[in-house]
2 protein chains.
Amino acid sequence: MTLLLHGFWRSLATFRVRAALNLKGLAYDETAVDLDRGEQFGARYHRINAQHVLPALEHDGLLLTQSLPIVEYIDETWPDPPLLPADARGRARVRALAQIPTADVHPLIVPRVRNFLEAEFGIAQPGRLKWIRHWFDRGSEAIEIRLGESGPAGRYAHGDRVSIADLALVSHVIGARLFQADLALAPRLEALADRCLALDAFARAHPLAQPGAPAAAGAHRG
Amino acid sequence: MTLLLHGFWRSLATFRVRAALNLKGLAYDETAVDLDRGEQFGARYHRINAQHVLPALEHDGLLLTQSLPIVEYIDETWPDPPLLPADARGRARVRALAQIPTADVHPLIVPRVRNFLEAEFGIAQPGRLKWIRHWFDRGSEAIEIRLGESGPAGRYAHGDRVSIADLALVSHVIGARLFQADLALAPRLEALADRCLALDAFARAHPLAQPGAPAAAGAHRG
């Protein structure tokens, strides 16, 4: 069995898949697609994912894309430990929590969007940073509300077992810290992320723990 | 058993849930949250969804949010007919297809984003329309490539059975038509959407078939 992850140190979506693989105790190789050099548009990665976005996971010749569907595939293929609750109601809550970072925030702050703001509308760096922080902050507020609603209490987003929700929420907090957004809006979220990042599977997946990442001290509080 | 959908005629995410309910043959009530009047921010809807986004589905007192997690809940709770393939590989392909419209395109064109472009960056209507069409077009290109890749042939996105992918892809085409984006980029996608929209479950869910929608002829080619 071979697993090959196409990712980049900084990519929040790659982080989600990396952490899921770690939580399952799976051995995998990772190959870097350098977003800063535009390698996602190069011939090599075009053959892997013609949408030019990260990550992609190859499993014994099967090519998987989109972080949450990849994580669901990992969970279905290697069920232990489960990353989704056993009940439909719980799964719906966990999946909805995971959607806030991945579908409401992250799509707005990826490089292709920042590049379009600059190239088409002439939005300079301070404006782009305001944009990025705005969407992180609106996401943080939304997550904080959701975490306080109708889920089981426990160490993680849904009880005492790590779930797909935690993968997504931690990626949000990592991104918010890298861009110095206002996590004071979401103390419950931030504490939850720190509990997750204390786990080896999350810590080893952290962007700043990857080859090619800049020295960690300045950019990350953890 | 009661099902109450909080939606709006124009909302593409509401369309996805409405079509799923129709495909399952479920009876439900729908209540309008008028996005044009800002009712998503009002006290009534704030109690339903403090994130102020559509849709929300109430099922016997359980409150569900986020369109794809709602559709997965519907599929798990009423399994017939299934909206996901039986194999993990197929489910991963279907879920990844569904992510392109819902996570790569739709988040960029919702009202809160258009409003921010106007209020913060002074982007006028022509610029905002260019923005909207740009993201629809990039999504259409990506979907068209994916549809040509490694899935079973058939009438729909994944073989001859309607899946969650079709719900999302049809919502993309409906949105692209409403905003007059360039669907000539994706002839396979457009033909697929028209096959789906010929089904009663999709046709009855169409935004322009809802109470409150403007007359259909001008805005929609179907």
# chains A, B, ... in the order shown; residues from 1 in each chain; ligands from 1
>>> select_by_dssp(residues="stretch 12-212 of chain B", states="strand (DSSP E)", output="ChimeraX atom specification")
/B:29-32,56-59,62-65
>>> interface_residues(of="chain B", to="chain A", cutoff="6 Å", atoms="only C-alpha atoms", output="PyMOL selection string")
chain B and resi 51+66+69+73+92+95-96+103-104+107+142
>>> atom_distance(atom1="atom CA of B:Pro82", atom2="atom CA of B:Ser163")
7.5 Å
>>> residues_around(residues="A:Arg16", least_positions_apart="4", cutoff="7 Å", atoms="only C-alpha atoms", output="MDAnalysis selection string")
chainID A and resid 12 20 67 167:168 171
>>> residues_around(residues="B:Gly148", least_positions_apart="4", cutoff="10 Å", atoms="only C-alpha atoms", output="mmCIF file with N, CA and C atoms, in the first residue's frame")
data_model
loop_
_atom_site.group_PDB
_atom_site.id
_atom_site.type_symbol
_atom_site.label_atom_id
_atom_site.label_comp_id
_atom_site.auth_asym_id
_atom_site.auth_seq_id
_atom_site.Cartn_x
_atom_site.Cartn_y
_atom_site.Cartn_z
ATOM 1 N N ILE B 143 -14.737 21.922 -13.385
ATOM 2 C CA ILE B 143 -15.740 20.858 -13.396
ATOM 3 C C ILE B 143 -15.676 20.090 -14.710
ATOM 4 N N GLU B 144 -15.542 20.825 -15.815
ATOM 5 C CA GLU B 144 -15.511 20.169 -17.127
ATOM 6 C C GLU B 144 -14.362 19.165 -17.217
ATOM 7 N N PRO B 152 -17.511 6.543 -13.874
ATOM 8 C CA PRO B 152 -18.320 5.705 -14.754
ATOM 9 C C PRO B 152 -19.126 6.566 -15.729
ATOM 10 N N ALA B 153 -19.238 6.117 -16.969
ATOM 11 C CA ALA B 153 -20.060 6.833 -17.933
ATOM 12 C C ALA B 153 -21.533 6.715 -17.536
ATOM 13 N N ALA B 157 -23.528 12.784 -13.308
ATOM 14 C CA ALA B 157 -22.113 13.076 -13.057
ATOM 15 C C ALA B 157 -21.312 11.822 -12.736
ATOM 16 N N ARG B 188 -20.106 19.853 -21.553
ATOM 17 C CA ARG B 188 -20.492 18.595 -20.909
ATOM 18 C C ARG B 188 -21.277 18.869 -19.614
ATOM 19 N N LEU B 189 -20.779 19.830 -18.843
ATOM 20 C CA LEU B 189 -21.474 20.233 -17.617
ATOM 21 C C LEU B 189 -22.864 20.751 -17.928
#
>>> closest_residue(among="A:Leu183, A:Ile132, A:Ala19, A:Leu83", to="A:Leu197", atoms="only C-alpha atoms")
A:Ala19
>>> closest_residue(among="A:Cys196, A:Ala27, A:Ala186, A:Ala205", to="A:Thr2", atoms="only C-alpha atoms")
A:Ala27
>>> closest_residue(among="B:Tyr45, B:Asp60, B:Gln180, B:Pro55", to="B:Arg18", atoms="only C-alpha atoms")
B:Pro55
>>> residues_around(residues="B:Pro207", least_positions_apart="6", cutoff="10 Å", atoms="only C-alpha atoms", output="PDB file with N, CA and C atoms, in the first residue's frame")
ATOM      1  N   PHE B   8     -34.519  30.696   0.524  1.00  0.00           N
ATOM      2  CA  PHE B   8     -34.900  31.862  -0.266  1.00  0.00           C
ATOM      3  C   PHE B   8     -34.877  31.414  -1.715  1.00  0.00           C
ATOM      4  N   TRP B   9     -35.779  31.957  -2.504  1.00  0.00           N
ATOM      5  CA  TRP B   9     -35.923  31.455  -3.878  1.00  0.00           C
ATOM      6  C   TRP B   9     -34.604  31.429  -4.630  1.00  0.00           C
ATOM      7  N   ARG B  10     -33.773  32.454  -4.435  1.00  0.00           N
ATOM      8  CA  ARG B  10     -32.580  32.646  -5.251  1.00  0.00           C
ATOM      9  C   ARG B  10     -31.367  31.850  -4.754  1.00  0.00           C
ATOM     10  N   SER B  11     -31.427  31.440  -3.497  1.00  0.00           N
ATOM     11  CA  SER B  11     -30.261  30.826  -2.847  1.00  0.00           C
ATOM     12  C   SER B  11     -29.893  29.497  -3.502  1.00  0.00           C
ATOM     13  N   LEU B  12     -28.663  29.425  -4.011  1.00  0.00           N
ATOM     14  CA  LEU B  12     -28.206  28.191  -4.665  1.00  0.00           C
ATOM     15  C   LEU B  12     -28.032  27.062  -3.654  1.00  0.00           C
ATOM     16  N   THR B  14     -29.869  26.694  -0.947  1.00  0.00           N
ATOM     17  CA  THR B  14     -31.229  26.214  -0.666  1.00  0.00           C
ATOM     18  C   THR B  14     -31.695  25.279  -1.772  1.00  0.00           C
ATOM     19  N   PHE B  15     -31.386  25.635  -3.020  1.00  0.00           N
ATOM     20  CA  PHE B  15     -31.747  24.765  -4.138  1.00  0.00           C
ATOM     21  C   PHE B  15     -31.223  23.347  -3.935  1.00  0.00           C
ATOM     22  N   ARG B  18     -33.347  21.590  -1.363  1.00  0.00           N
ATOM     23  CA  ARG B  18     -34.715  21.407  -1.900  1.00  0.00           C
ATOM     24  C   ARG B  18     -34.742  20.233  -2.885  1.00  0.00           C
ATOM     25  N   SER B 171     -26.610  23.368  -9.320  1.00  0.00           N
ATOM     26  CA  SER B 171     -26.671  24.687  -8.656  1.00  0.00           C
ATOM     27  C   SER B 171     -25.656  25.636  -9.289  1.00  0.00           C
ATOM     28  N   ILE B 174     -27.124  26.796 -12.663  1.00  0.00           N
ATOM     29  CA  ILE B 174     -28.202  27.766 -12.428  1.00  0.00           C
ATOM     30  C   ILE B 174     -27.611  29.133 -12.086  1.00  0.00           C
ATOM     31  N   GLY B 175     -26.620  29.157 -11.208  1.00  0.00           N
ATOM     32  CA  GLY B 175     -25.991  30.419 -10.839  1.00  0.00           C
ATOM     33  C   GLY B 175     -25.279  31.062 -12.021  1.00  0.00           C
ATOM     34  N   LEU B 178     -27.885  32.661 -14.164  1.00  0.00           N
ATOM     35  CA  LEU B 178     -28.467  33.872 -13.576  1.00  0.00           C
ATOM     36  C   LEU B 178     -27.516  35.059 -13.754  1.00  0.00           C
ATOM     37  N   ALA B 213     -39.984  34.538  -6.900  1.00  0.00           N
ATOM     38  CA  ALA B 213     -39.005  34.686  -7.984  1.00  0.00           C
ATOM     39  C   ALA B 213     -39.570  35.573  -9.082  1.00  0.00           C
ATOM     40  N   PRO B 214     -38.685  36.290  -9.791  1.00  0.00           N
ATOM     41  CA  PRO B 214     -39.160  37.073 -10.937  1.00  0.00           C
ATOM     42  C   PRO B 214     -39.588  36.137 -12.067  1.00  0.00           C
ATOM     43  N   ALA B 216     -39.593  34.033 -15.271  1.00  0.00           N
ATOM     44  CA  ALA B 216     -38.422  33.230 -15.592  1.00  0.00           C
ATOM     45  C   ALA B 216     -37.797  33.554 -16.944  1.00  0.00           C
ATOM     46  N   HIS B 220     -33.410  32.970 -17.411  1.00  0.00           N
ATOM     47  CA  HIS B 220     -33.073  31.543 -17.451  1.00  0.00           C
ATOM     48  C   HIS B 220     -33.404  30.967 -18.803  1.00  0.00           C
TER      49      HIS B 220
END
>>> select_by_dssp(residues="stretch 4-213 of chain A", states="alpha helix (DSSP H)", output="PyMOL selection string")
chain A and resi 12-23+43-48+67-77+88-99+106-109+111-121+125-147+164-178+187-197+200-205
